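What follows is the content of run.txt (compact mmCIF, C-alpha atoms and all ligand atoms).
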# COMPACT_ATOMS: atom_id res chain seq x y z
CA MET A 77 -15.74 -28.76 3.37
CA GLU A 78 -16.90 -26.50 0.57
CA THR A 79 -14.68 -26.30 -2.50
CA ARG A 80 -15.01 -22.99 -4.27
CA ASP A 81 -14.33 -22.29 -7.90
CA LEU A 82 -11.83 -19.57 -7.08
CA ILE A 83 -9.84 -18.03 -4.29
CA VAL A 84 -8.07 -14.75 -4.95
CA ILE A 85 -5.14 -14.06 -2.64
CA GLY A 86 -4.41 -10.34 -2.34
CA GLY A 87 -6.40 -7.13 -2.16
CA GLY A 88 -4.83 -4.57 -4.46
CA PRO A 89 -5.80 -3.43 -7.97
CA ALA A 90 -4.95 -6.83 -9.46
CA GLY A 91 -6.79 -8.92 -6.86
CA TYR A 92 -9.93 -6.78 -6.80
CA THR A 93 -10.13 -6.64 -10.58
CA ALA A 94 -9.72 -10.42 -10.77
CA ALA A 95 -12.51 -10.70 -8.17
CA LEU A 96 -14.77 -8.33 -10.11
CA TYR A 97 -14.45 -10.28 -13.35
CA ALA A 98 -14.73 -13.63 -11.60
CA ALA A 99 -17.79 -12.53 -9.63
CA ARG A 100 -19.49 -11.34 -12.80
CA ALA A 101 -18.73 -14.75 -14.32
CA ASN A 102 -20.52 -16.41 -11.38
CA LEU A 103 -17.37 -17.97 -9.94
CA GLU A 104 -18.33 -16.62 -6.49
CA PRO A 105 -14.74 -15.79 -5.59
CA LEU A 106 -13.43 -15.60 -2.07
CA VAL A 107 -10.87 -12.81 -1.79
CA ILE A 108 -8.40 -13.26 1.03
CA GLU A 109 -7.37 -9.65 0.85
CA GLY A 110 -4.84 -9.34 3.64
CA PHE A 111 -5.13 -7.66 6.98
CA GLN A 112 -3.81 -4.46 5.41
CA TRP A 113 -5.88 -4.62 2.25
CA GLY A 114 -5.39 -2.14 -0.56
CA GLY A 115 -1.73 -2.71 -1.28
CA GLN A 116 0.74 -0.05 -2.28
CA LEU A 117 -1.95 2.50 -3.11
CA MET A 118 -2.66 2.83 0.58
CA ILE A 119 0.66 4.62 1.01
CA THR A 120 0.45 6.92 -2.00
CA SER A 121 -1.40 10.19 -1.90
CA GLU A 122 -3.42 11.32 -4.87
CA VAL A 123 -3.65 9.14 -7.97
CA GLU A 124 -3.92 11.23 -11.12
CA ASN A 125 -3.04 8.66 -13.74
CA TYR A 126 -5.78 6.06 -13.32
CA PRO A 127 -8.07 6.41 -16.34
CA GLY A 128 -11.62 7.31 -15.44
CA TYR A 129 -10.80 9.36 -12.34
CA ALA A 130 -10.53 12.57 -14.32
CA ASP A 131 -10.20 14.73 -11.22
CA GLY A 132 -7.78 12.39 -9.44
CA VAL A 133 -8.54 10.21 -6.44
CA MET A 134 -6.83 9.37 -3.19
CA GLY A 135 -5.19 5.93 -3.29
CA PRO A 136 -7.18 4.48 -0.35
CA GLN A 137 -10.45 5.78 -1.81
CA MET A 138 -9.67 4.16 -5.13
CA MET A 139 -9.02 0.83 -3.47
CA ALA A 140 -12.28 1.10 -1.51
CA ASP A 141 -14.05 1.75 -4.83
CA PHE A 142 -12.40 -1.30 -6.45
CA ARG A 143 -13.38 -3.44 -3.50
CA ARG A 144 -16.97 -2.22 -3.46
CA GLN A 145 -17.33 -2.91 -7.17
CA ALA A 146 -16.22 -6.54 -6.71
CA GLU A 147 -18.51 -6.89 -3.68
CA ARG A 148 -21.47 -5.62 -5.68
CA PHE A 149 -21.28 -8.73 -7.87
CA GLY A 150 -20.94 -11.15 -4.99
CA ALA A 151 -17.24 -11.39 -4.17
CA GLU A 152 -16.69 -12.33 -0.53
CA PHE A 153 -13.79 -11.11 1.54
CA VAL A 154 -11.60 -12.34 4.36
CA THR A 155 -9.69 -9.38 5.77
CA ASP A 156 -6.73 -11.34 7.02
CA ASP A 157 -3.42 -12.74 5.84
CA VAL A 158 -2.96 -16.13 4.24
CA THR A 159 -0.55 -18.10 6.39
CA LYS A 160 -0.02 -21.26 4.31
CA VAL A 161 -0.93 -22.73 0.93
CA ASP A 162 -0.81 -26.21 -0.54
CA PHE A 163 -0.86 -26.28 -4.34
CA SER A 164 0.53 -29.82 -4.57
CA GLU A 165 -2.88 -31.39 -5.20
CA ARG A 166 -6.41 -30.35 -6.01
CA PRO A 167 -8.51 -28.90 -4.65
CA PHE A 168 -5.92 -26.31 -3.69
CA ARG A 169 -5.82 -25.47 -0.02
CA VAL A 170 -5.29 -22.05 1.49
CA TRP A 171 -5.08 -21.36 5.22
CA VAL A 172 -5.70 -18.29 7.29
CA GLY A 173 -4.36 -19.46 10.63
CA ASP A 174 -6.33 -22.62 11.47
CA GLU A 175 -9.09 -21.81 9.01
CA GLU A 176 -8.80 -23.82 5.80
CA HIS A 177 -10.29 -22.83 2.44
CA ARG A 178 -10.41 -25.00 -0.69
CA ALA A 179 -10.73 -24.05 -4.32
CA ARG A 180 -10.41 -25.45 -7.84
CA THR A 181 -8.42 -22.43 -8.97
CA VAL A 182 -6.36 -19.79 -7.22
CA ILE A 183 -5.25 -16.37 -8.39
CA VAL A 184 -2.19 -15.04 -6.58
CA ALA A 185 -2.25 -11.23 -6.44
CA THR A 186 -0.14 -10.47 -3.40
CA GLY A 187 1.82 -7.70 -5.11
CA ALA A 188 5.16 -6.27 -4.18
CA SER A 189 6.24 -3.90 -1.48
CA ALA A 190 8.50 -0.93 -1.96
CA ARG A 191 11.51 -1.30 0.30
CA GLN A 192 11.46 1.25 3.06
CA LEU A 193 14.36 2.88 4.84
CA GLY A 194 12.98 1.58 8.12
CA LEU A 195 12.76 4.86 10.04
CA ASP A 196 9.83 5.75 12.32
CA SER A 197 9.87 9.30 10.98
CA GLU A 198 9.64 7.91 7.43
CA LEU A 199 6.47 5.99 8.32
CA LYS A 200 4.87 9.06 9.88
CA LEU A 201 5.33 11.19 6.75
CA GLN A 202 4.33 8.64 4.13
CA GLY A 203 2.04 10.40 1.69
CA ARG A 204 3.02 13.75 3.27
CA GLY A 205 6.24 14.27 1.41
CA VAL A 206 7.70 10.76 1.67
CA THR A 207 6.87 8.68 -1.35
CA TYR A 208 7.97 5.55 -3.20
CA CYS A 209 6.84 6.25 -6.74
CA ALA A 210 7.95 9.12 -8.96
CA THR A 211 5.51 8.19 -11.72
CA CYS A 212 2.67 8.52 -9.21
CA ASP A 213 3.71 11.58 -7.26
CA GLY A 214 6.32 13.45 -9.32
CA ALA A 215 3.86 15.96 -10.74
CA PHE A 216 3.11 17.28 -7.24
CA TYR A 217 6.68 18.59 -7.01
CA ARG A 218 6.68 21.12 -9.81
CA ASP A 219 9.38 23.74 -9.13
CA ARG A 220 10.23 22.09 -5.82
CA GLU A 221 13.45 20.54 -4.58
CA VAL A 222 13.40 16.80 -4.03
CA VAL A 223 15.69 14.00 -2.87
CA VAL A 224 15.90 10.52 -4.37
CA VAL A 225 17.51 7.80 -2.25
CA GLY A 226 19.06 4.76 -3.92
CA GLY A 227 21.82 3.68 -6.26
CA GLY A 228 20.12 1.25 -8.64
CA ASP A 229 18.45 1.74 -12.01
CA SER A 230 15.16 2.67 -10.31
CA ALA A 231 16.81 5.54 -8.45
CA MET A 232 18.45 6.86 -11.65
CA GLU A 233 15.22 6.50 -13.58
CA GLU A 234 13.20 8.25 -10.88
CA ALA A 235 15.75 11.06 -10.57
CA LEU A 236 15.71 11.63 -14.34
CA PHE A 237 11.92 11.49 -14.44
CA LEU A 238 11.65 14.00 -11.61
CA THR A 239 13.73 16.58 -13.50
CA ARG A 240 10.60 17.16 -15.61
CA PHE A 241 8.96 18.77 -12.60
CA ALA A 242 11.40 19.54 -9.83
CA SER A 243 13.77 22.48 -9.88
CA LYS A 244 16.49 20.36 -8.30
CA VAL A 245 16.94 16.64 -7.61
CA THR A 246 19.53 15.46 -5.09
CA LEU A 247 20.44 11.81 -5.42
CA VAL A 248 21.57 10.39 -2.09
CA HIS A 249 23.30 7.01 -2.09
CA ARG A 250 25.12 5.11 0.64
CA ARG A 251 28.14 4.21 -1.50
CA ASP A 252 30.29 5.96 -4.10
CA GLU A 253 29.70 3.06 -6.51
CA PHE A 254 26.36 2.43 -8.12
CA ARG A 255 24.46 -0.74 -8.78
CA ALA A 256 22.70 1.02 -11.67
CA SER A 257 23.87 0.50 -15.25
CA GLN A 258 26.63 2.89 -16.30
CA ILE A 259 24.52 4.49 -18.98
CA MET A 260 21.84 5.44 -16.45
CA VAL A 261 24.43 6.80 -14.01
CA ASP A 262 26.02 8.85 -16.80
CA ARG A 263 22.69 10.25 -17.89
CA ALA A 264 21.88 11.29 -14.33
CA ARG A 265 25.34 12.74 -13.74
CA GLU A 266 25.14 14.78 -16.92
CA HIS A 267 21.76 16.26 -16.07
CA GLU A 268 22.04 19.85 -14.91
CA LYS A 269 19.22 19.53 -12.37
CA ILE A 270 20.65 16.42 -10.66
CA GLU A 271 23.24 16.60 -7.92
CA PHE A 272 24.86 13.48 -6.40
CA LEU A 273 25.46 13.23 -2.67
CA THR A 274 27.49 10.15 -1.61
CA PRO A 275 28.23 8.24 0.53
CA TYR A 276 25.32 9.28 2.72
CA VAL A 277 22.53 7.49 4.56
CA VAL A 278 19.29 9.02 5.78
CA GLU A 279 19.25 9.00 9.56
CA GLU A 280 16.03 10.87 10.12
CA VAL A 281 13.18 12.39 8.19
CA LEU A 282 12.43 15.84 9.59
CA GLY A 283 9.07 17.54 9.89
CA VAL A 284 7.06 14.96 11.84
CA ALA A 285 5.76 17.60 14.27
CA GLU A 286 4.28 19.65 11.40
CA SER A 287 3.02 16.49 9.66
CA LYS A 288 4.82 17.65 6.53
CA LEU A 289 8.28 16.83 5.27
CA ALA A 290 10.76 19.61 5.98
CA GLY A 291 14.10 17.96 5.34
CA LEU A 292 16.46 15.10 6.08
CA ARG A 293 19.24 14.46 8.51
CA LEU A 294 21.94 12.58 6.65
CA ARG A 295 25.20 11.03 7.80
CA ASN A 296 28.35 10.64 5.77
CA VAL A 297 29.18 6.94 6.01
CA GLU A 298 32.96 7.50 5.80
CA THR A 299 33.42 10.51 8.07
CA ASP A 300 30.32 10.17 10.29
CA GLU A 301 29.66 13.89 9.65
CA PRO A 302 25.97 14.77 9.89
CA LEU A 303 24.34 16.93 7.24
CA GLU A 304 20.90 18.55 7.28
CA LEU A 305 19.24 19.01 3.95
CA GLU A 306 16.02 20.91 3.37
CA THR A 307 13.72 19.25 0.90
CA ASP A 308 10.10 19.23 -0.23
CA GLY A 309 9.95 15.59 -1.27
CA LEU A 310 11.72 12.33 -0.46
CA PHE A 311 11.51 9.63 -3.10
CA VAL A 312 12.73 6.34 -1.67
CA ALA A 313 13.89 4.21 -4.62
CA ILE A 314 15.76 1.34 -3.02
CA GLY A 315 13.94 -1.46 -4.78
CA HIS A 316 10.84 -3.60 -4.36
CA ASP A 317 10.32 -7.06 -2.95
CA PRO A 318 7.57 -9.33 -4.26
CA ASN A 319 5.30 -10.72 -1.56
CA THR A 320 5.95 -14.32 -2.46
CA GLY A 321 7.38 -15.92 0.66
CA LEU A 322 4.37 -18.28 0.93
CA PHE A 323 4.76 -19.58 -2.62
CA LEU A 324 8.47 -19.93 -3.26
CA ASP A 325 8.59 -23.68 -2.63
CA GLN A 326 5.52 -24.32 -4.79
CA LEU A 327 5.55 -21.93 -7.72
CA ASP A 328 8.30 -21.13 -10.22
CA HIS A 329 9.95 -17.78 -9.57
CA ASP A 330 12.92 -15.79 -10.79
CA GLU A 331 16.06 -15.07 -8.79
CA ASN A 332 14.40 -12.04 -7.17
CA GLY A 333 11.36 -14.00 -6.06
CA TYR A 334 8.89 -12.74 -8.69
CA LEU A 335 6.49 -15.47 -9.85
CA VAL A 336 6.99 -16.65 -13.40
CA THR A 337 3.99 -16.86 -15.71
CA SER A 338 3.75 -18.25 -19.23
CA PRO A 339 4.19 -15.63 -21.94
CA ARG A 340 1.00 -13.68 -22.71
CA SER A 341 -0.87 -15.51 -19.96
CA THR A 342 -1.21 -15.55 -16.19
CA GLU A 343 -0.58 -19.31 -15.86
CA THR A 344 2.02 -20.42 -13.36
CA ASN A 345 3.76 -23.81 -13.48
CA VAL A 346 0.83 -25.30 -11.49
CA PRO A 347 -2.24 -25.73 -13.72
CA GLY A 348 -5.13 -23.87 -12.11
CA VAL A 349 -2.93 -21.41 -10.21
CA PHE A 350 -2.57 -18.00 -11.83
CA ALA A 351 -0.44 -15.00 -10.88
CA VAL A 352 -1.40 -11.41 -11.63
CA GLY A 353 -0.14 -7.89 -10.97
CA ASP A 354 3.12 -6.84 -9.38
CA VAL A 355 3.79 -10.27 -7.92
CA GLN A 356 4.79 -11.32 -11.44
CA ASP A 357 5.64 -7.93 -12.97
CA HIS A 358 8.63 -5.91 -11.87
CA VAL A 359 8.66 -3.78 -15.01
CA TYR A 360 5.42 -1.78 -15.30
CA ARG A 361 4.13 -1.82 -11.71
CA GLN A 362 1.22 0.54 -12.27
CA ALA A 363 -2.28 0.25 -10.80
CA VAL A 364 -3.72 0.20 -14.30
CA THR A 365 -1.41 -2.56 -15.54
CA ALA A 366 -2.03 -4.56 -12.37
CA ALA A 367 -5.78 -4.20 -12.89
CA GLY A 368 -5.44 -5.34 -16.50
CA SER A 369 -3.43 -8.31 -15.37
CA GLY A 370 -6.10 -9.15 -12.74
CA CYS A 371 -8.71 -9.18 -15.49
CA MET A 372 -6.53 -11.57 -17.52
CA GLY A 373 -6.20 -13.86 -14.51
CA ALA A 374 -9.96 -14.07 -14.01
CA LEU A 375 -10.54 -14.85 -17.69
CA ASP A 376 -7.79 -17.49 -17.58
CA ALA A 377 -9.31 -19.09 -14.47
CA GLU A 378 -12.78 -19.00 -16.00
CA ARG A 379 -11.59 -20.70 -19.19
CA PHE A 380 -9.58 -23.23 -17.23
CA LEU A 381 -12.67 -24.22 -15.23
CA ALA A 382 -14.90 -24.30 -18.29
CA ALA A 383 -12.39 -26.48 -20.17
CA GLU A 384 -12.18 -28.81 -17.22
CA GLU A 385 -15.92 -29.15 -17.10
CA GLY A 386 -15.77 -30.46 -20.65
CA HIS A 387 -16.68 -27.40 -22.64
CA PRO A 388 -13.38 -26.46 -24.20
CA HIS A 389 -14.95 -24.86 -27.27
CA GLU A 390 -17.37 -22.86 -25.22
CA ALA A 391 -14.48 -21.81 -23.01
CA LEU A 392 -12.36 -20.59 -25.86
CA ALA A 393 -15.30 -18.77 -27.34
CA ALA A 394 -16.11 -17.03 -24.05
CA PRO A 395 -17.04 -13.46 -24.85
CA ARG A 396 -14.38 -10.94 -24.07
CA GLU A 397 -15.78 -8.09 -22.07
CA ALA A 398 -14.72 -4.51 -22.44
P1 LIG A 401 18.30 -2.52 -6.93
O1 LIG A 401 19.03 -2.72 -8.20
O2 LIG A 401 18.22 -3.64 -5.96
O3 LIG A 401 18.97 -1.25 -6.22
C1 LIG A 401 18.59 -0.85 -4.94
C2 LIG A 401 19.50 0.29 -4.51
O4 LIG A 401 19.04 0.80 -3.29
C3 LIG A 401 20.94 -0.14 -4.33
O5 LIG A 401 21.78 0.86 -4.83
C4 LIG A 401 21.08 -0.25 -2.82
O6 LIG A 401 22.34 0.12 -2.33
C5 LIG A 401 20.09 0.77 -2.33
N1 LIG A 401 19.54 0.37 -1.04
C6 LIG A 401 18.93 -0.81 -0.71
N2 LIG A 401 18.51 -0.79 0.56
C7 LIG A 401 18.87 0.43 1.05
C8 LIG A 401 18.71 1.05 2.31
N3 LIG A 401 18.09 0.44 3.33
N4 LIG A 401 19.20 2.31 2.47
C9 LIG A 401 19.81 2.93 1.45
N5 LIG A 401 20.00 2.40 0.23
C10 LIG A 401 19.53 1.15 0.04
O7 LIG A 401 16.77 -2.07 -7.16
P2 LIG A 401 16.14 -1.25 -8.37
O8 LIG A 401 16.94 -0.06 -8.67
O9 LIG A 401 14.71 -1.07 -8.02
O10 LIG A 401 16.23 -2.23 -9.60
C11 LIG A 401 15.64 -3.54 -9.54
C12 LIG A 401 15.85 -4.25 -10.87
O11 LIG A 401 15.07 -3.60 -11.90
C13 LIG A 401 17.29 -4.18 -11.36
O12 LIG A 401 17.59 -5.38 -12.01
C14 LIG A 401 17.30 -3.03 -12.32
O13 LIG A 401 18.32 -3.12 -13.30
C15 LIG A 401 15.91 -3.15 -12.94
N6 LIG A 401 15.47 -1.82 -13.43
C16 LIG A 401 15.80 -1.45 -14.69
C17 LIG A 401 15.44 -0.20 -15.17
C18 LIG A 401 15.83 0.20 -16.56
O14 LIG A 401 16.60 -0.51 -17.17
N7 LIG A 401 15.32 1.29 -17.07
C19 LIG A 401 14.73 0.69 -14.36
C20 LIG A 401 14.39 0.29 -13.08
C21 LIG A 401 14.79 -0.96 -12.62
P3 LIG A 401 23.62 -0.82 -2.51
O15 LIG A 401 23.98 -0.76 -3.95
O16 LIG A 401 24.62 -0.19 -1.61
O17 LIG A 401 23.18 -2.18 -2.07
How does this structure look as structure tokens?
Amino acid sequence: METRDLIVIGGGPAGYTAALYAARANLEPLVIEGFQWGGQLMITSEVENYPGYADGVMGPQMMADFRRQAERFGAEFVTDDVTKVDFSERPFRVWVGDEEHRARTVIVATGASARQLGLDSELKLQGRGVTYCATCDGAFYRDREVVVVGGGDSAMEEALFLTRFASKVTLVHRRDEFRASQIMVDRAREHEKIEFLTPYVVEEVLGVAESKLAGLRLRNVETDEPLELETDGLFVAIGHDPNTGLFLDQLDHDENGYLVTSPRSTETNVPGVFAVGDVQDHVYRQAVTAAGSGCMGALDAERFLAAEEGHPHEALAAPREA
């Protein structure tokens, strides 16, 4: 069975950038990109903050562009999900169902997923008023009224951020207590544009028939009273989960499941396995930081392979590309 230099697991900004750099370094990477390739950008609408796309770009288009660029230099793709990995010995082994792939190095770029409320109506209006990222989509809601759902630091941060654009931000949370730090709750409470609505859950997202968000049907958790709220935007901010289920027994991770990498590097605890993008970063979580991290992973893998082949000095002196 063929042993490749590199397998990249994951097809978002981090994985495709890793593949681009690796392909240009002649590592002939295989990208197992996932059945639903593209990652979180596939459920955002327009991306206006990715440098180089001066006029903005739709998230799915941007991911197709990333993919095509990696393909141009010889990256190969498997559009399916990895089902099992074995990093206990080398070559590393990665399975897609019964199909086994082997490689000297692996870059894990499986990202994180925004938690969803779990409503059918929410799914139908994703990118049409239902969003998971204020940094990405906030600017589309200038002078509009929006709702943020959640009670953690992310929800407070998103609500505060959205006050820059929206005329009113309603923060809906299912309890009267907040998981967020007190200082963030106080800041949000003190803001004149933010109104708190607790303890409420979202029962239905309204507007499916018009394909555009019209409002929300809420329910008071204590009294069971329903409440309809008109809104232009729903920002779901109930946390993210890293997509690390396959790796938890093999790679070091923190208590939330994010993979741990060495400081200023993409190395995991297994030499030759690297982690890039949101799967190891719960702080920045931007396409551009994920892409930067993917580039770092490819350079780390390239140097690791070169060092192993007995050219440590050459490896360290490898030219850094722009
Ligand atoms: P989080 O702390 O896990 O909070 C998630 C919130 O969403 C909780 O209030 C939770 O309610 C609510 N929630 C979860 N599932 C829900 C559902 N199905 N329906 C309705 N509500 C639901 O997540 P996070 O806010 O993203 O923060 C993650 C970590 O990053 C935290 O450690 C946080 O401190 C950190 N962070 C820090 C900053 C900052 O310091 N500036 C900013 C962002 C994030 P319950 O409380 O009822 O469970």
Task: CA of Leu327 in chain A to CA of Asn345 in chain A, straight-line distance in Å - done: 6.3 Å
Ligand LIG 401 (chain A): which residues are within 8 Å, counting all atoms listed in the file? Reply as a PDB file with C-alpha atoms, in the frame of the given file.
ATOM      1  CA  ARG A 191      11.510  -1.300   0.300  1.00  0.00           C
ATOM      2  CA  GLN A 192      11.460   1.250   3.060  1.00  0.00           C
ATOM      3  CA  LEU A 193      14.360   2.880   4.840  1.00  0.00           C
ATOM      4  CA  GLY A 194      12.980   1.580   8.120  1.00  0.00           C
ATOM      5  CA  VAL A 225      17.510   7.800  -2.250  1.00  0.00           C
ATOM      6  CA  GLY A 226      19.060   4.760  -3.920  1.00  0.00           C
ATOM      7  CA  GLY A 227      21.820   3.680  -6.260  1.00  0.00           C
ATOM      8  CA  GLY A 228      20.120   1.250  -8.640  1.00  0.00           C
ATOM      9  CA  ASP A 229      18.450   1.740 -12.010  1.00  0.00           C
ATOM     10  CA  SER A 230      15.160   2.670 -10.310  1.00  0.00           C
ATOM     11  CA  ALA A 231      16.810   5.540  -8.450  1.00  0.00           C
ATOM     12  CA  MET A 232      18.450   6.860 -11.650  1.00  0.00           C
ATOM     13  CA  GLU A 233      15.220   6.500 -13.580  1.00  0.00           C
ATOM     14  CA  HIS A 249      23.300   7.010  -2.090  1.00  0.00           C
ATOM     15  CA  ARG A 250      25.120   5.110   0.640  1.00  0.00           C
ATOM     16  CA  ARG A 251      28.140   4.210  -1.500  1.00  0.00           C
ATOM     17  CA  GLU A 253      29.700   3.060  -6.510  1.00  0.00           C
ATOM     18  CA  PHE A 254      26.360   2.430  -8.120  1.00  0.00           C
ATOM     19  CA  ARG A 255      24.460  -0.740  -8.780  1.00  0.00           C
ATOM     20  CA  ALA A 256      22.700   1.020 -11.670  1.00  0.00           C
ATOM     21  CA  SER A 257      23.870   0.500 -15.250  1.00  0.00           C
ATOM     22  CA  MET A 260      21.840   5.440 -16.450  1.00  0.00           C
ATOM     23  CA  VAL A 277      22.530   7.490   4.560  1.00  0.00           C
ATOM     24  CA  VAL A 278      19.290   9.020   5.780  1.00  0.00           C
ATOM     25  CA  ALA A 313      13.890   4.210  -4.620  1.00  0.00           C
ATOM     26  CA  ILE A 314      15.760   1.340  -3.020  1.00  0.00           C
ATOM     27  CA  GLY A 315      13.940  -1.460  -4.780  1.00  0.00           C
ATOM     28  CA  HIS A 316      10.840  -3.600  -4.360  1.00  0.00           C
ATOM     29  CA  HIS A 358       8.630  -5.910 -11.870  1.00  0.00           C
ATOM     30  CA  VAL A 359       8.660  -3.780 -15.010  1.00  0.00           C
TER      31      VAL A 359
END
- [ ] Rank nothing, just name the residue among A:Ala179, A:Leu303, A:Leu289, A:Val161 nearest to Glu78 in chain A, using only C-alpha atoms.
- [x] A:Ala179
Rows by chain and residue number, range 298-397 of chain A within 9 Å of range 93-106 of chain A, shortest pair, only C-alpha atoms, as a tab-separated table:
residue	atom	partner	partner_atom	distance
A:Val352	CA	A:Ala94	CA	8.4
A:Ala366	CA	A:Thr93	CA	8.6
A:Ala367	CA	A:Thr93	CA	5.5
A:Gly368	CA	A:Thr93	CA	7.7
A:Ser369	CA	A:Ala94	CA	8.1
A:Gly370	CA	A:Ala94	CA	4.3
A:Cys371	CA	A:Ala94	CA	5.0
A:Met372	CA	A:Ala94	CA	7.6
A:Gly373	CA	A:Ala94	CA	6.2
A:Ala374	CA	A:Ala94	CA	4.9
A:Leu375	CA	A:Tyr97	CA	7.4
A:Ala377	CA	A:Ala98	CA	8.2
A:Glu378	CA	A:Ala98	CA	7.2
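Taking CA of Ala188 in chain A and CA of Pro339 in chain A as the two end points, the separation is 20.1 Å.
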Open item on the list: Quick one: residues within 7 Å of range 202-205 of chain A, all atoms listed in the file, excluding same-chain residues fewer than 4 positions away - as a PyMOL selection string?
Closed with: chain A and resi 119-121+198+287-289+308-310
Open item on the list: Considering all atoms listed in the file, can you say which of A:Val281, A:Cys209, A:Val123, A:Met138 comes closest to Leu195 in chain A?
Closed with: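 Ranking A:Val281, A:Cys209, A:Val123, A:Met138 by distance to Leu195 in chain A, first place goes to A:Val281.
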- [ ] Grab the CA of Arg80 in chain A to CA of Asp357 in chain A distance for me, in Å with one decimal place.
- [x] 27.0 Å
Quick one: contact table of range 180-266 of chain A to range 328-338 of chain A, 12 Å max, nearest atom pair and distance in Å to one decimal per residue, counting only C-alpha atoms, chain and number order, as CSV?
residue,atom,partner,partner_atom,distance
A:Ile183,CA,A:Thr337,CA,11.8
A:Val184,CA,A:Leu335,CA,9.3
A:Ala185,CA,A:Leu335,CA,10.3
A:Thr186,CA,A:Leu335,CA,10.5
A:Gly187,CA,A:Tyr334,CA,9.4
A:Ala188,CA,A:Tyr334,CA,8.7
A:Ser189,CA,A:Tyr334,CA,11.7
Open item on the list: Which residue is closest to Gly135 in chain A? Choose from A:Val84, A:Val170, A:Cys212, A:Val245 and count only C-alpha atoms.
Closed with: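 That would be A:Cys212, the residue with the smallest distance to Gly135 in chain A.
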Open item on the list: So, with all atoms listed in the file as the atoms that count, which of A:Pro318, A:Lys200, A:Pro89, A:Trp171 lies closest to Ala146 in chain A?
Closed with: A:Pro89
Open item on the list: For a cutoff of 8 Å around the file-coordinate point (24.7, 8.9, 8.6), which residues qualify once you count only C-alpha atoms? I'd like the result as a list in words.
Closed with: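 Residues close enough to count: Tyr276, Val277, Val278, Glu279, Arg293, Leu294, Arg295, Asn296, Val297, Asp300, Glu301 and Pro302 of chain A.
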Using all atoms listed in the file, which protein or nucleic acid residues come within 8 Å of Lys244 in chain A? Drop anything in the same chain fewer than 5 positions from it, and give the result as a tab-separated table (two decimals) with C-alpha atoms, keeping the file's coordinate frame.
chain	number	residue	atom	x	y	z
A	219	ASP	CA	9.38	23.74	-9.13
A	220	ARG	CA	10.23	22.09	-5.82
A	221	GLU	CA	13.45	20.54	-4.58
A	222	VAL	CA	13.40	16.80	-4.03
A	239	THR	CA	13.73	16.58	-13.50
A	269	LYS	CA	19.22	19.53	-12.37
A	270	ILE	CA	20.65	16.42	-10.66
A	271	GLU	CA	23.24	16.60	-7.92
Task: Shell around Phe168 in chain A at 12 Å using only C-alpha atoms, local window under 5 positions removed, as a ChimeraX atom specification - done: /A:78-84,160-163,176-183,326,346-349
Open item on the list: Report as number ranges by chain all protein, DNA and RNA residues lying within 9 Å of Gln362 in chain A, evaluated on only C-alpha atoms, omitting residues in the same chain fewer than 2 positions from it.
Closed with: A: 126, 211-212, 353-354, 360, 364-367
Hey, can you spit out that residue selection with C-alpha atoms as a CSV table (one decimal), in the coordinates of the input?
chain,number,residue,atom,x,y,z
A,126,TYR,CA,-5.8,6.1,-13.3
A,211,THR,CA,5.5,8.2,-11.7
A,212,CYS,CA,2.7,8.5,-9.2
A,353,GLY,CA,-0.1,-7.9,-11.0
A,354,ASP,CA,3.1,-6.8,-9.4
A,360,TYR,CA,5.4,-1.8,-15.3
A,364,VAL,CA,-3.7,0.2,-14.3
A,365,THR,CA,-1.4,-2.6,-15.5
A,366,ALA,CA,-2.0,-4.6,-12.4
A,367,ALA,CA,-5.8,-4.2,-12.9
Can you list every residue of range 146-238 of chain A that has an atom at most 6 Å from range 111-116 of chain A, with its nearest atom pair and the distance in Å to one decimal, using only C-alpha atoms, ordered by chain then number, as a Markdown table?
| residue | atom | partner | partner_atom | distance |
| --- | --- | --- | --- | --- |
| A:Thr155 | CA | A:Phe111 | CA | 5.0 |
| A:Asp156 | CA | A:Phe111 | CA | 4.0 |
| A:Asp157 | CA | A:Phe111 | CA | 5.5 |
